[in-house]
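I have placed the structure first, in the form of structure tokens, so that the comments after it can refer back to it.
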Amino acid sequence: MSAPPKGSKNGSRRKKIAKLLKDRATYRGCIAIIAVLVLWEAGSVLGLPILKNIPSLSSVLVSFKEAVFDPAYYVSWKDSFMRIFLGFTLALIIGIPLGLFMGTSRYIRELTLPVFEVLRPIPPLAWVPASAIFWPDVEMSVIFVTFLGAFFVLILNIVGGARSIDARYIRAAVSLGASRRDVFWRIVLPATLPSILVGMTVGIGVCWNTVVAAEMIASRSGLGFLTWRSYVTFSYPMIVVGMISIGIAGYISSGIIRILGARLMPWLKTN
Amino acid sequence: MPQEIPKDNGNGHKDQHPGITQGASGEMTVEHVHKGYGLKPLVKVVLGDCNFVLENRKLTVLIGPSGCGKSTLVNILAGYDMPDSGKVTLDGVPVKGPGRDRLVVFQETALFPWMTTYQNVSFGPRVRNELSKEELRVETTRLLKLVGLEAFADKYPSQLSGGMMRRAELVRALINRPKVMLMDEPFRGLDAMTRALMQEYYVRLFETKPGTNLFVTSEIEEAIFLADRLVIMSNRPATIRKVLEIDLPRPRQFQMLTSKEYLGYKGEALEILHEEAMKAFARGKTSSADFVEAYSKIAGK
């Protein structure tokens, strides 16, 4: 969570690693991971029930090695990330201002919230057929569904955050001569920033869920498609490679948002 | 000089305070202010009929039992809330809403958590675009030094102690040179040592640059130590029970707390507060238990 202060970046990182090596929790975690890997490999070697159906660890590693040297594998990454990027960015561009307006203006909230309440419970994937008809090409419909995944989560969090701003901050600012504009930019926006970041963190997760499923259903590229195609073409170890890749991609995405959050909200740093 | 304000004094209010109409800037009057909350048949009256004057160059302390409506009164003076009837004026002009001529230091800190101490303190002039960057820096630094926070200029409120936050808040208001300072139990919740220190900081600030100050508290020692004039509120529905003029020498020193004059004022104030407590007790109000507990303790000393 806490980004190291500027200047002492290397020093504090080294300290962090040293601390990690001393911590028993680290070793316990490692033991558990190794145990799972051993069980996995043993399952297929010894032919244990159920476990033997899973492609073995060694075969997955072989597939992984192949994938790493295959340019097509990186194209899958790029395609999925591009969809996430476009859908998510669109959700931010539309969702943040709209959420803030809805949170601060009762008029806009009362006007728009009922529409959201009706549309929100529809899972993003349920939009796939409709958006395939609605949008001229598949790419657009996948991006649209990805956008929806983050959009509702974002709106809901921002409206909640903006509505729960402590009235004392606004009172104090108005007393000190702040205009409506100042109140928005200097009070409402920073006060809602934590909620925006929460919405983004949850939203990017939903985005990955959505994009993977949408790729499996409708698309001909991306990590979701890679996983699905591996299943259809009986290259089972590759399924696991796809799954792990999606996991790593999701982790990278939320990591970027976490770093962004620490940068944007230095006052939340605990020390 | 104790001065009693009758509950229903028609328009005779101003006559009781000769000299208030001399046009000194920063004078606030409160006339027949009533305030209740709730819907018609179930209105809970918080303020009965409040009348008093905040004079310039005087530190007026408002004391009353907790929950008696002190904060409601401060909110009305600040313009955050409107009285149901009655009038609040500043230099003869009715108060219609919040303004920077009347600034409030709240019970809990209202420093903006996302701004550093420096940004918090300089907020007022910054949003009003009054000073050049250099002037703003000089003035902010001067005030931060005044309350011993210059080393904490770049810290966020979450990195400050309770006492530091109150000091920062105090200068965030002072930098705007308000006509009236409204302090709503600003030192509540601080430990005894910090509180004493803050009282000293505050009384020095007032003595070096006296303006119109209203300080709300429920602590009798703090009240008399700070006050030029002590306004005692009754229990709910709150009215002004009594106004005591505290004629103790300035600058105020803590040694004063043992002087005969000080103890005389304290006794007088406690007697009234105790009386209020007994009245509430007789009426069987729920709040009376707190009231009696709070004041019988000190009265027993």
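We name chains A, B, ... following the order of the structure tokens; residues begin at 1 in each chain, and ligands are numbered from 1 as shown.
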
With a cut-off of 8 Å, could you pull out the residues of chain A touching chain B and give me the nearest pair of atoms for each, distance in Å to one decimal, using only C-alpha atoms, ordered by chain and ascending number, as a tab-separated table?
```
residue	atom	partner	partner_atom	distance
A:Arg168	CA	B:Ala110	CA	6.1
A:Tyr169	CA	B:Ala110	CA	5.9
A:Arg171	CA	B:Tyr80	CA	7.6
A:Ala172	CA	B:Ala110	CA	7.1
A:Ala173	CA	B:Gly124	CA	7.7
A:Val174	CA	B:Pro98	CA	7.1
A:Ser175	CA	B:Gly99	CA	4.9
A:Leu176	CA	B:Gly124	CA	4.8
A:Gly177	CA	B:Arg128	CA	6.1
A:Ala178	CA	B:Val127	CA	5.5
A:Ser179	CA	B:Val127	CA	7.6
A:Asp182	CA	B:Val127	CA	6.9
A:Ile187	CA	B:Phe112	CA	7.8
A:Pro190	CA	B:Trp114	CA	6.6
A:Ala191	CA	B:Trp114	CA	7.5
A:Met265	CA	B:Trp114	CA	7.3
A:Pro266	CA	B:Trp114	CA	7.8
A:Trp267	CA	B:Trp114	CA	5.5
A:Asn271	CA	B:Gln159	CA	7.7
```

Could you turn the residues from that selection into a file that holds N, CA and C atoms, as a PDB file, in the first residue's frame?
```pdb
ATOM      1  N   ARG A 168     -18.979  19.173   7.575  1.00  0.00           N
ATOM      2  CA  ARG A 168     -18.110  20.193   8.192  1.00  0.00           C
ATOM      3  C   ARG A 168     -17.061  20.713   7.215  1.00  0.00           C
ATOM      4  N   TYR A 169     -16.584  19.824   6.332  1.00  0.00           N
ATOM      5  CA  TYR A 169     -15.566  20.254   5.373  1.00  0.00           C
ATOM      6  C   TYR A 169     -16.157  21.301   4.430  1.00  0.00           C
ATOM      7  N   ARG A 171     -18.848  23.143   4.975  1.00  0.00           N
ATOM      8  CA  ARG A 171     -19.135  24.340   5.760  1.00  0.00           C
ATOM      9  C   ARG A 171     -17.885  25.183   5.950  1.00  0.00           C
ATOM     10  N   ALA A 172     -16.820  24.517   6.369  1.00  0.00           N
ATOM     11  CA  ALA A 172     -15.573  25.241   6.628  1.00  0.00           C
ATOM     12  C   ALA A 172     -15.105  25.942   5.357  1.00  0.00           C
ATOM     13  N   ALA A 173     -15.154  25.229   4.241  1.00  0.00           N
ATOM     14  CA  ALA A 173     -14.673  25.809   2.990  1.00  0.00           C
ATOM     15  C   ALA A 173     -15.523  27.005   2.576  1.00  0.00           C
ATOM     16  N   VAL A 174     -16.832  26.873   2.707  1.00  0.00           N
ATOM     17  CA  VAL A 174     -17.722  27.977   2.323  1.00  0.00           C
ATOM     18  C   VAL A 174     -17.477  29.182   3.230  1.00  0.00           C
ATOM     19  N   SER A 175     -17.328  28.914   4.531  1.00  0.00           N
ATOM     20  CA  SER A 175     -17.042  30.004   5.465  1.00  0.00           C
ATOM     21  C   SER A 175     -15.776  30.751   5.080  1.00  0.00           C
ATOM     22  N   LEU A 176     -14.791  30.021   4.592  1.00  0.00           N
ATOM     23  CA  LEU A 176     -13.510  30.637   4.269  1.00  0.00           C
ATOM     24  C   LEU A 176     -13.530  31.316   2.904  1.00  0.00           C
ATOM     25  N   GLY A 177     -14.677  31.313   2.269  1.00  0.00           N
ATOM     26  CA  GLY A 177     -14.822  32.072   1.037  1.00  0.00           C
ATOM     27  C   GLY A 177     -14.715  31.259  -0.236  1.00  0.00           C
ATOM     28  N   ALA A 178     -14.798  29.926  -0.131  1.00  0.00           N
ATOM     29  CA  ALA A 178     -14.690  29.102  -1.331  1.00  0.00           C
ATOM     30  C   ALA A 178     -15.952  29.232  -2.181  1.00  0.00           C
ATOM     31  N   SER A 179     -15.746  29.316  -3.492  1.00  0.00           N
ATOM     32  CA  SER A 179     -16.885  29.355  -4.408  1.00  0.00           C
ATOM     33  C   SER A 179     -17.361  27.924  -4.641  1.00  0.00           C
ATOM     34  N   ASP A 182     -14.619  26.027  -6.230  1.00  0.00           N
ATOM     35  CA  ASP A 182     -13.571  25.625  -5.289  1.00  0.00           C
ATOM     36  C   ASP A 182     -14.021  24.435  -4.465  1.00  0.00           C
ATOM     37  N   ILE A 187     -12.638  20.265  -2.411  1.00  0.00           N
ATOM     38  CA  ILE A 187     -13.230  19.504  -1.303  1.00  0.00           C
ATOM     39  C   ILE A 187     -13.892  18.222  -1.824  1.00  0.00           C
ATOM     40  N   PRO A 190     -11.298  15.642  -3.864  1.00  0.00           N
ATOM     41  CA  PRO A 190     -10.372  14.875  -3.018  1.00  0.00           C
ATOM     42  C   PRO A 190     -11.081  14.029  -1.961  1.00  0.00           C
ATOM     43  N   ALA A 191     -12.224  14.512  -1.466  1.00  0.00           N
ATOM     44  CA  ALA A 191     -12.930  13.728  -0.447  1.00  0.00           C
ATOM     45  C   ALA A 191     -13.531  12.464  -1.038  1.00  0.00           C
ATOM     46  N   MET A 265      -3.230   9.913  -3.383  1.00  0.00           N
ATOM     47  CA  MET A 265      -3.731  10.202  -2.039  1.00  0.00           C
ATOM     48  C   MET A 265      -2.630  10.056  -0.997  1.00  0.00           C
ATOM     49  N   PRO A 266      -1.645  10.941  -1.052  1.00  0.00           N
ATOM     50  CA  PRO A 266      -0.515  10.804  -0.113  1.00  0.00           C
ATOM     51  C   PRO A 266      -0.942  10.953   1.346  1.00  0.00           C
ATOM     52  N   TRP A 267      -2.102  11.580   1.558  1.00  0.00           N
ATOM     53  CA  TRP A 267      -2.512  11.808   2.946  1.00  0.00           C
ATOM     54  C   TRP A 267      -3.001  10.536   3.637  1.00  0.00           C
ATOM     55  N   ASN A 271       1.825   6.234   8.681  1.00  0.00           N
ATOM     56  CA  ASN A 271       3.159   6.138   9.302  1.00  0.00           C
ATOM     57  C   ASN A 271       3.218   6.829  10.642  1.00  0.00           C
TER      58      ASN A 271
END
```

- Exercise: Val62 (chain A) partners within 12 Å, only C-alpha atoms, chain neighbours under 2 positions left out, as a ChimeraX atom specification: /A:55-60,64-69,235-238,240-241

- Task: Could you give me, as a ChimeraX atom specification, each residue of region 19-75 of chain B that DSSP assigns to strand (DSSP E) when run on this structure's backbone?
- Result: /B:28-37,44-54,59-63

- Message: Need to verify the contact set: region 61-71 of chain B, 9 Å, only C-alpha atoms, exclusion of same-chain residues closer than 2 positions in sequence. Can you return it as an NGL selection string?
- Response: :B and (46-47 or 59 or 73-76 or 184-185 or 213-220 or 223-224 or 226-238 or 273 or 277 or 287 or 290-291 or 294-295)

- Query: Do you know which residues are at most 10 Å from Val128 (chain A) counting only C-alpha atoms, after dropping those on the same chain fewer than 2 positions away, and could you put them as a count of residues only?
  - Reply: 20

Within 7 Å of Leu190 (chain B), counting only C-alpha atoms, which residues qualify if same-chain residues fewer than 3 places away don't, as a compact mmCIF listing (two decimals) with C-alpha atoms, in the first residue's frame?
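Final output, saved to result.txt:
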```txt
# COMPACT_ATOMS: atom_id res chain seq x y z
CA GLY B 162 -4.69 16.56 18.68
CA GLY B 163 -3.24 19.79 20.07
CA PHE B 187 -10.35 21.99 23.25
CA THR B 194 -2.50 19.85 26.19
CA ARG B 195 -5.72 21.58 27.08
```

- Task: Identify, on the basis of only C-alpha atoms, every residue whose closest approach to Val88 (chain B) does not exceed 8 Å; exclude the query and any residue fewer than 4 positions from it along the same chain; express the result as a list in words.
- Result: Met28, Thr29, Val30, Glu31, Val33, Ile76, Leu77, Pro94 and Val95 of chain B

- Task: Compile the contact shell of Leu51 (chain A) as a ChimeraX atom specification: residues with an atom at most 10 Å away, counting only C-alpha atoms, same-chain residues fewer than 4 positions apart removed.
- Result: /A:39-47,55-56

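Remark: for Arg166 (chain B), the closest of the candidate residues B:Val147, B:Leu263, B:Met278, B:Leu248 is B:Val147 (distances computed over only C-alpha atoms).
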
- What is the CA of Gly205 (chain A)-CA of Ala262 (chain A) distance in Å, reported with one decimal? 18.6 Å

- Task: Using DSSP on the backbone coordinates, identify the residues of region 4-232 of chain A assigned to alpha helix (DSSP H); present them as a PyMOL selection string.
- Result: chain A and resi 9-22+24-46+57-68+71-104+106-119+128-134+138-163+167-175+180-182+189-217+223-232

- Note on the structure: Here CA of Arg252 (chain B) and CA of Ser25 (chain B) stand apart by 24.7 Å

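Take the candidates B:Phe225, B:Lys145, B:Gly267, B:Met181 and check each one against Asp247 (chain B) using only C-alpha atoms; the shortest distance goes to B:Phe225.
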
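Shortest atom-to-atom contact with Asn120 (chain B) among B:Ala153, B:Leu90, B:Val138, B:Leu197: B:Ala153, counting only C-alpha atoms.
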
- Restricting to only C-alpha atoms, whichever of B:Arg142, B:Lys179, B:Lys260, B:Arg167 is closest to Arg57 (chain B) is B:Lys179

- What separation in Å, quoted to one decimal, exists between CA of Tyr262 (chain B) and CA of Glu221 (chain B)? 9.2 Å
